[in-house]
Amino acid sequence: MRKGLWITLGVLIVLGIVAYSLFAGTYNQFVTQQEDIRQRWAQIDNQLQRRMDLIPNLVETVKGFAAQERGILEEIANARTRYGGSVQISDKIAAANELQSALARLLVIVENYPMLKSDQTFIRLMDELAGTENRIAVERQRYNESVQTFNANIRQFPNIFLAQLYGFASAAYYEVPAEAKLPPQVTFPPPGRP
């Protein structure tokens with residue numbers, strides 16, 4: 001009788017350890033992956049803020065040469081303001097995408113102003129902006145890779161049940177909207193008219 005009790009107790013202890021490892025290990029894995037996503041987003045946010053800090057200087061430089069392009073400059077300022085006021089990652093992504101689209105239209109407009117393209121301040125700002133855009137692209141890729149790993153993990157069996165139990169939900173990808181992939185459409189005023 002005593003031997004059976006020890007065997008039962010041993011089996012219960014082993015099952016308890018296995019269950020604890022499954023639940024605690026999976027939970028810890030979810031937390032680690034979620035923190036990785038947050039860290040990756042912080043890197044994107046850092047680069048987006050760098051872009052935001054360059055914008056006022058770029059806008060002022062362009063204003064000096066192309067004051068009549070006020071509409072696009074206002075779009076840039078509005079997108080920058082929306083980004084600064086956003087709290088949720090999805091709102092920040094939307095504002096950053098709006099800004100990226102407005103900057104693309106601005107760069108098309110710049111082609112109409114050869115003097116601006118040769119201005120040293122403008123050239124330096126464009127170089128800094130290009131470097132920042134490259135950093136954003138790299139960080140966006142890393143962020144999306146972390147999101148993919150996390151989302152796949154919480155959808156796998158049996159993790160899907162544990163993710164629901166623990167309250168973990170899918171993370172959002174940082175996707176570029178379809179309209180940002182199209183070339184910007186800009187119309188110029190007829191020559192000689194502002």
# chains A, B, ... in the order shown; residues from 1 in each chain; ligands from 1

call {"tool": "residues_around", "arguments": {"residues": "segment 149-162 of chain A", "least_positions_apart": "3", "cutoff": "8 Å", "atoms": "only C-alpha atoms", "output": "PDB file with N, CA and C atoms, in the first residue's frame"}}
result
ATOM      1  N   PHE A  23       2.523  25.829 -18.551  1.00  0.00           N
ATOM      2  CA  PHE A  23       1.828  27.099 -18.337  1.00  0.00           C
ATOM      3  C   PHE A  23       2.798  28.249 -18.111  1.00  0.00           C
ATOM      4  N   THR A  26       5.195  28.804 -21.251  1.00  0.00           N
ATOM      5  CA  THR A  26       4.490  29.435 -22.372  1.00  0.00           C
ATOM      6  C   THR A  26       4.193  30.892 -22.054  1.00  0.00           C
ATOM      7  N   TYR A  27       3.731  31.164 -20.851  1.00  0.00           N
ATOM      8  CA  TYR A  27       3.455  32.546 -20.455  1.00  0.00           C
ATOM      9  C   TYR A  27       4.718  33.392 -20.561  1.00  0.00           C
ATOM     10  N   PHE A  30       5.515  34.157 -24.128  1.00  0.00           N
ATOM     11  CA  PHE A  30       4.648  35.222 -24.650  1.00  0.00           C
ATOM     12  C   PHE A  30       5.132  36.594 -24.183  1.00  0.00           C
ATOM     13  N   GLN A  33       8.349  37.634 -25.976  1.00  0.00           N
ATOM     14  CA  GLN A  33       8.100  38.048 -27.358  1.00  0.00           C
ATOM     15  C   GLN A  33       7.364  39.379 -27.418  1.00  0.00           C
ATOM     16  N   GLN A  34       6.454  39.596 -26.494  1.00  0.00           N
ATOM     17  CA  GLN A  34       5.738  40.865 -26.457  1.00  0.00           C
ATOM     18  C   GLN A  34       6.696  42.015 -26.127  1.00  0.00           C
ATOM     19  N   GLU A 145       9.063  41.289 -38.198  1.00  0.00           N
ATOM     20  CA  GLU A 145       9.550  39.930 -37.939  1.00  0.00           C
ATOM     21  C   GLU A 145       9.195  39.500 -36.512  1.00  0.00           C
ATOM     22  N   SER A 146       9.351  40.406 -35.553  1.00  0.00           N
ATOM     23  CA  SER A 146       8.988  40.090 -34.159  1.00  0.00           C
ATOM     24  C   SER A 146       7.483  39.868 -34.026  1.00  0.00           C
ATOM     25  N   LEU A 165      -6.293  32.383 -22.513  1.00  0.00           N
ATOM     26  CA  LEU A 165      -6.388  32.320 -21.057  1.00  0.00           C
ATOM     27  C   LEU A 165      -5.622  33.484 -20.414  1.00  0.00           C
ATOM     28  N   TYR A 166      -4.447  33.785 -20.928  1.00  0.00           N
ATOM     29  CA  TYR A 166      -3.605  34.841 -20.372  1.00  0.00           C
ATOM     30  C   TYR A 166      -3.957  36.226 -20.912  1.00  0.00           C
ATOM     31  N   PHE A 168      -3.457  37.353 -24.160  1.00  0.00           N
ATOM     32  CA  PHE A 168      -2.559  37.841 -25.199  1.00  0.00           C
ATOM     33  C   PHE A 168      -3.294  37.869 -26.532  1.00  0.00           C
ATOM     34  N   ALA A 169      -3.195  38.984 -27.247  1.00  0.00           N
ATOM     35  CA  ALA A 169      -3.846  39.129 -28.552  1.00  0.00           C
ATOM     36  C   ALA A 169      -2.783  39.405 -29.606  1.00  0.00           C
ATOM     37  N   SER A 170      -3.148  39.194 -30.858  1.00  0.00           N
ATOM     38  CA  SER A 170      -2.227  39.427 -31.960  1.00  0.00           C
ATOM     39  C   SER A 170      -1.748  40.871 -31.958  1.00  0.00           C
ATOM     40  N   ALA A 171      -0.509  41.063 -32.353  1.00  0.00           N
ATOM     41  CA  ALA A 171       0.061  42.405 -32.485  1.00  0.00           C
ATOM     42  C   ALA A 171      -0.137  42.882 -33.924  1.00  0.00           C
TER      43      ALA A 171
END

call {"tool": "atom_distance", "arguments": {"atom1": "atom CA of Val110 of chain A", "atom2": "atom CA of Asp45 of chain A"}}
result
27.0 Å

call {"tool": "residues_around", "arguments": {"residues": "Ile76 of chain A", "least_positions_apart": "5", "cutoff": "8 Å", "atoms": "only C-alpha atoms", "output": "list in words"}}
result
Ile55, Leu99, Ala102 and Leu103 of chain A

call {"tool": "atom_distance", "arguments": {"atom1": "atom CA of Glu111 of chain A", "atom2": "atom CA of Arg70 of chain A"}}
result
16.0 Å

call {"tool": "atom_distance", "arguments": {"atom1": "atom CA of Arg40 of chain A", "atom2": "atom CA of Tyr143 of chain A"}}
result
5.0 Å

call {"tool": "residues_around", "arguments": {"residues": "Tyr113 of chain A", "least_positions_apart": "2", "cutoff": "12 Å", "atoms": "only C-alpha atoms", "output": "number ranges by chain"}}
result
A: 62-69, 106-111, 115-119, 122, 188, 191

call {"tool": "closest_residue", "arguments": {"among": "A:Ser21, A:Gln39, A:Thr81, A:Gln148", "to": "Asp53 of chain A", "atoms": "only C-alpha atoms"}}
result
A:Thr81

call {"tool": "closest_residue", "arguments": {"among": "A:Ala94, A:Ser86, A:Pro56, A:Ala137", "to": "Glu74 of chain A", "atoms": "only C-alpha atoms"}}
result
A:Pro56

call {"tool": "closest_residue", "arguments": {"among": "A:Val147, A:Ile136, A:Ala77, A:Ile89", "to": "Ile37 of chain A", "atoms": "only C-alpha atoms"}}
result
A:Val147

call {"tool": "residues_around", "arguments": {"residues": "Asn134 of chain A", "least_positions_apart": "4", "cutoff": "12 Å", "atoms": "only C-alpha atoms", "output": "list in words"}}
result
Ile44, Gln47, Leu48, Arg51, Asp127, Glu128, Leu129, Ala130, Val138, Glu139, Arg140 and Gln141 of chain A

call {"tool": "write_last_selection", "arguments": {"atoms": "N, CA and C atoms", "output": "PDB file, in the first residue's frame"}}
result
ATOM      1  N   ILE A  44      11.605  51.991 -33.860  1.00  0.00           N
ATOM      2  CA  ILE A  44      10.892  52.668 -34.953  1.00  0.00           C
ATOM      3  C   ILE A  44      10.494  54.059 -34.494  1.00  0.00           C
ATOM      4  N   GLN A  47      13.302  56.468 -34.605  1.00  0.00           N
ATOM      5  CA  GLN A  47      13.634  56.921 -35.961  1.00  0.00           C
ATOM      6  C   GLN A  47      12.548  57.836 -36.530  1.00  0.00           C
ATOM      7  N   LEU A  48      11.292  57.532 -36.215  1.00  0.00           N
ATOM      8  CA  LEU A  48      10.212  58.413 -36.659  1.00  0.00           C
ATOM      9  C   LEU A  48      10.337  59.784 -35.998  1.00  0.00           C
ATOM     10  N   ARG A  51      12.875  61.692 -37.797  1.00  0.00           N
ATOM     11  CA  ARG A  51      12.293  62.251 -39.022  1.00  0.00           C
ATOM     12  C   ARG A  51      11.487  63.503 -38.685  1.00  0.00           C
ATOM     13  N   ASP A 127      19.874  64.417 -47.313  1.00  0.00           N
ATOM     14  CA  ASP A 127      20.750  63.289 -46.972  1.00  0.00           C
ATOM     15  C   ASP A 127      20.384  62.709 -45.607  1.00  0.00           C
ATOM     16  N   GLU A 128      20.140  63.592 -44.639  1.00  0.00           N
ATOM     17  CA  GLU A 128      19.747  63.123 -43.307  1.00  0.00           C
ATOM     18  C   GLU A 128      18.406  62.413 -43.366  1.00  0.00           C
ATOM     19  N   LEU A 129      17.481  62.966 -44.139  1.00  0.00           N
ATOM     20  CA  LEU A 129      16.160  62.348 -44.272  1.00  0.00           C
ATOM     21  C   LEU A 129      16.266  60.979 -44.948  1.00  0.00           C
ATOM     22  N   ALA A 130      17.104  60.867 -45.975  1.00  0.00           N
ATOM     23  CA  ALA A 130      17.280  59.583 -46.665  1.00  0.00           C
ATOM     24  C   ALA A 130      17.863  58.543 -45.704  1.00  0.00           C
ATOM     25  N   VAL A 138      14.578  49.530 -42.053  1.00  0.00           N
ATOM     26  CA  VAL A 138      15.223  48.399 -41.377  1.00  0.00           C
ATOM     27  C   VAL A 138      14.489  48.069 -40.079  1.00  0.00           C
ATOM     28  N   GLU A 139      14.185  49.076 -39.285  1.00  0.00           N
ATOM     29  CA  GLU A 139      13.498  48.837 -38.011  1.00  0.00           C
ATOM     30  C   GLU A 139      12.084  48.322 -38.224  1.00  0.00           C
ATOM     31  N   ARG A 140      11.410  48.806 -39.284  1.00  0.00           N
ATOM     32  CA  ARG A 140      10.067  48.303 -39.588  1.00  0.00           C
ATOM     33  C   ARG A 140      10.133  46.816 -39.915  1.00  0.00           C
ATOM     34  N   GLN A 141      11.145  46.411 -40.676  1.00  0.00           N
ATOM     35  CA  GLN A 141      11.308  44.992 -41.009  1.00  0.00           C
ATOM     36  C   GLN A 141      11.545  44.166 -39.744  1.00  0.00           C
TER      37      GLN A 141
END

call {"tool": "decode", "arguments": {"residues": "segment 24-140 of chain A", "atoms": "C-alpha atoms", "output": "mmCIF file, in the first residue's frame"}}
result
data_model
loop_
_atom_site.group_PDB
_atom_site.id
_atom_site.type_symbol
_atom_site.label_atom_id
_atom_site.label_comp_id
_atom_site.auth_asym_id
_atom_site.auth_seq_id
_atom_site.Cartn_x
_atom_site.Cartn_y
_atom_site.Cartn_z
ATOM 1 C CA ALA A 24 4.665 29.160 -16.886
ATOM 2 C CA GLY A 25 7.059 28.484 -19.748
ATOM 3 C CA THR A 26 4.490 29.435 -22.372
ATOM 4 C CA TYR A 27 3.455 32.546 -20.455
ATOM 5 C CA ASN A 28 7.086 33.626 -20.090
ATOM 6 C CA GLN A 29 7.657 33.019 -23.792
ATOM 7 C CA PHE A 30 4.648 35.222 -24.650
ATOM 8 C CA VAL A 31 5.917 37.971 -22.341
ATOM 9 C CA THR A 32 9.428 37.817 -23.819
ATOM 10 C CA GLN A 33 8.100 38.048 -27.358
ATOM 11 C CA GLN A 34 5.738 40.865 -26.457
ATOM 12 C CA GLU A 35 8.612 42.812 -24.887
ATOM 13 C CA ASP A 36 10.666 42.223 -28.034
ATOM 14 C CA ILE A 37 7.854 43.782 -30.066
ATOM 15 C CA ARG A 38 7.762 46.778 -27.697
ATOM 16 C CA GLN A 39 11.526 47.200 -27.956
ATOM 17 C CA ARG A 40 11.364 47.007 -31.763
ATOM 18 C CA TRP A 41 8.567 49.575 -31.794
ATOM 19 C CA ALA A 42 10.656 51.862 -29.573
ATOM 20 C CA GLN A 43 13.393 51.745 -32.223
ATOM 21 C CA ILE A 44 10.892 52.668 -34.953
ATOM 22 C CA ASP A 45 9.470 55.422 -32.760
ATOM 23 C CA ASN A 46 12.986 56.746 -32.200
ATOM 24 C CA GLN A 47 13.634 56.921 -35.961
ATOM 25 C CA LEU A 48 10.212 58.413 -36.659
ATOM 26 C CA GLN A 49 10.933 61.082 -34.058
ATOM 27 C CA ARG A 50 14.247 61.770 -35.792
ATOM 28 C CA ARG A 51 12.293 62.251 -39.022
ATOM 29 C CA MET A 52 9.847 64.553 -37.212
ATOM 30 C CA ASP A 53 12.735 66.642 -35.904
ATOM 31 C CA LEU A 54 14.122 67.102 -39.440
ATOM 32 C CA ILE A 55 10.798 68.193 -40.919
ATOM 33 C CA PRO A 56 10.643 71.803 -39.597
ATOM 34 C CA ASN A 57 14.086 72.581 -41.050
ATOM 35 C CA LEU A 58 13.162 70.961 -44.362
ATOM 36 C CA VAL A 59 9.849 72.827 -44.526
ATOM 37 C CA GLU A 60 11.523 76.174 -43.763
ATOM 38 C CA THR A 61 14.126 75.566 -46.454
ATOM 39 C CA VAL A 62 11.476 74.672 -49.029
ATOM 40 C CA LYS A 63 9.315 77.651 -48.009
ATOM 41 C CA GLY A 64 12.142 79.973 -48.954
ATOM 42 C CA PHE A 65 12.133 78.656 -52.512
ATOM 43 C CA ALA A 66 8.582 77.425 -53.068
ATOM 44 C CA ALA A 67 6.248 79.492 -50.930
ATOM 45 C CA GLN A 68 3.316 78.770 -53.270
ATOM 46 C CA GLU A 69 3.432 75.079 -52.324
ATOM 47 C CA ARG A 70 1.676 75.893 -49.063
ATOM 48 C CA GLY A 71 -0.840 73.016 -49.280
ATOM 49 C CA ILE A 72 1.773 70.267 -49.187
ATOM 50 C CA LEU A 73 3.688 72.043 -46.427
ATOM 51 C CA GLU A 74 0.486 72.233 -44.366
ATOM 52 C CA GLU A 75 -0.142 68.503 -44.923
ATOM 53 C CA ILE A 76 3.339 67.781 -43.603
ATOM 54 C CA ALA A 77 2.796 69.974 -40.554
ATOM 55 C CA ASN A 78 -0.614 68.391 -39.854
ATOM 56 C CA ALA A 79 0.731 64.828 -40.147
ATOM 57 C CA ARG A 80 3.609 65.734 -37.849
ATOM 58 C CA THR A 81 1.163 67.154 -35.300
ATOM 59 C CA ARG A 82 -1.035 64.032 -35.495
ATOM 60 C CA TYR A 83 1.999 61.839 -34.910
ATOM 61 C CA GLY A 84 3.044 63.871 -31.873
ATOM 62 C CA GLY A 85 -0.462 63.636 -30.404
ATOM 63 C CA SER A 86 -0.880 59.902 -31.027
ATOM 64 C CA VAL A 87 -0.702 57.437 -28.166
ATOM 65 C CA GLN A 88 -1.682 54.141 -29.788
ATOM 66 C CA ILE A 89 0.834 52.439 -32.076
ATOM 67 C CA SER A 90 -1.795 52.109 -34.826
ATOM 68 C CA ASP A 91 -2.424 55.887 -34.714
ATOM 69 C CA LYS A 92 1.299 56.605 -34.848
ATOM 70 C CA ILE A 93 1.668 54.268 -37.833
ATOM 71 C CA ALA A 94 -1.205 56.012 -39.657
ATOM 72 C CA ALA A 95 0.274 59.470 -38.992
ATOM 73 C CA ALA A 96 3.758 58.320 -40.034
ATOM 74 C CA ASN A 97 2.328 56.907 -43.260
ATOM 75 C CA GLU A 98 0.518 60.203 -43.950
ATOM 76 C CA LEU A 99 3.754 62.058 -43.388
ATOM 77 C CA GLN A 100 5.676 59.697 -45.642
ATOM 78 C CA SER A 101 3.112 60.224 -48.409
ATOM 79 C CA ALA A 102 3.249 64.020 -48.025
ATOM 80 C CA LEU A 103 7.068 63.957 -48.071
ATOM 81 C CA ALA A 104 6.992 61.916 -51.290
ATOM 82 C CA ARG A 105 4.767 64.573 -52.910
ATOM 83 C CA LEU A 106 7.105 67.284 -51.627
ATOM 84 C CA LEU A 107 10.076 65.588 -53.264
ATOM 85 C CA VAL A 108 8.218 65.544 -56.587
ATOM 86 C CA ILE A 109 7.503 69.256 -56.202
ATOM 87 C CA VAL A 110 11.176 69.951 -55.476
ATOM 88 C CA GLU A 111 12.000 68.735 -58.991
ATOM 89 C CA ASN A 112 10.335 71.923 -60.271
ATOM 90 C CA TYR A 113 12.808 74.114 -58.341
ATOM 91 C CA PRO A 114 16.409 73.592 -59.545
ATOM 92 C CA MET A 115 17.724 76.340 -57.247
ATOM 93 C CA LEU A 116 16.331 74.502 -54.234
ATOM 94 C CA LYS A 117 17.914 71.221 -55.325
ATOM 95 C CA SER A 118 21.329 72.907 -55.371
ATOM 96 C CA ASP A 119 20.939 74.587 -51.957
ATOM 97 C CA GLN A 120 23.483 73.093 -49.527
ATOM 98 C CA THR A 121 21.114 73.203 -46.555
ATOM 99 C CA PHE A 122 18.463 71.382 -48.552
ATOM 100 C CA ILE A 123 20.984 68.788 -49.769
ATOM 101 C CA ARG A 124 22.190 68.134 -46.221
ATOM 102 C CA LEU A 125 18.625 67.825 -44.912
ATOM 103 C CA MET A 126 17.700 65.448 -47.736
ATOM 104 C CA ASP A 127 20.750 63.289 -46.972
ATOM 105 C CA GLU A 128 19.747 63.123 -43.307
ATOM 106 C CA LEU A 129 16.160 62.348 -44.272
ATOM 107 C CA ALA A 130 17.280 59.583 -46.665
ATOM 108 C CA GLY A 131 19.406 58.021 -43.914
ATOM 109 C CA THR A 132 16.494 58.215 -41.500
ATOM 110 C CA GLU A 133 14.132 56.639 -44.032
ATOM 111 C CA ASN A 134 16.580 53.755 -44.456
ATOM 112 C CA ARG A 135 16.754 53.272 -40.684
ATOM 113 C CA ILE A 136 12.957 53.312 -40.471
ATOM 114 C CA ALA A 137 12.735 50.652 -43.194
ATOM 115 C CA VAL A 138 15.223 48.399 -41.377
ATOM 116 C CA GLU A 139 13.498 48.837 -38.011
ATOM 117 C CA ARG A 140 10.067 48.303 -39.588
#
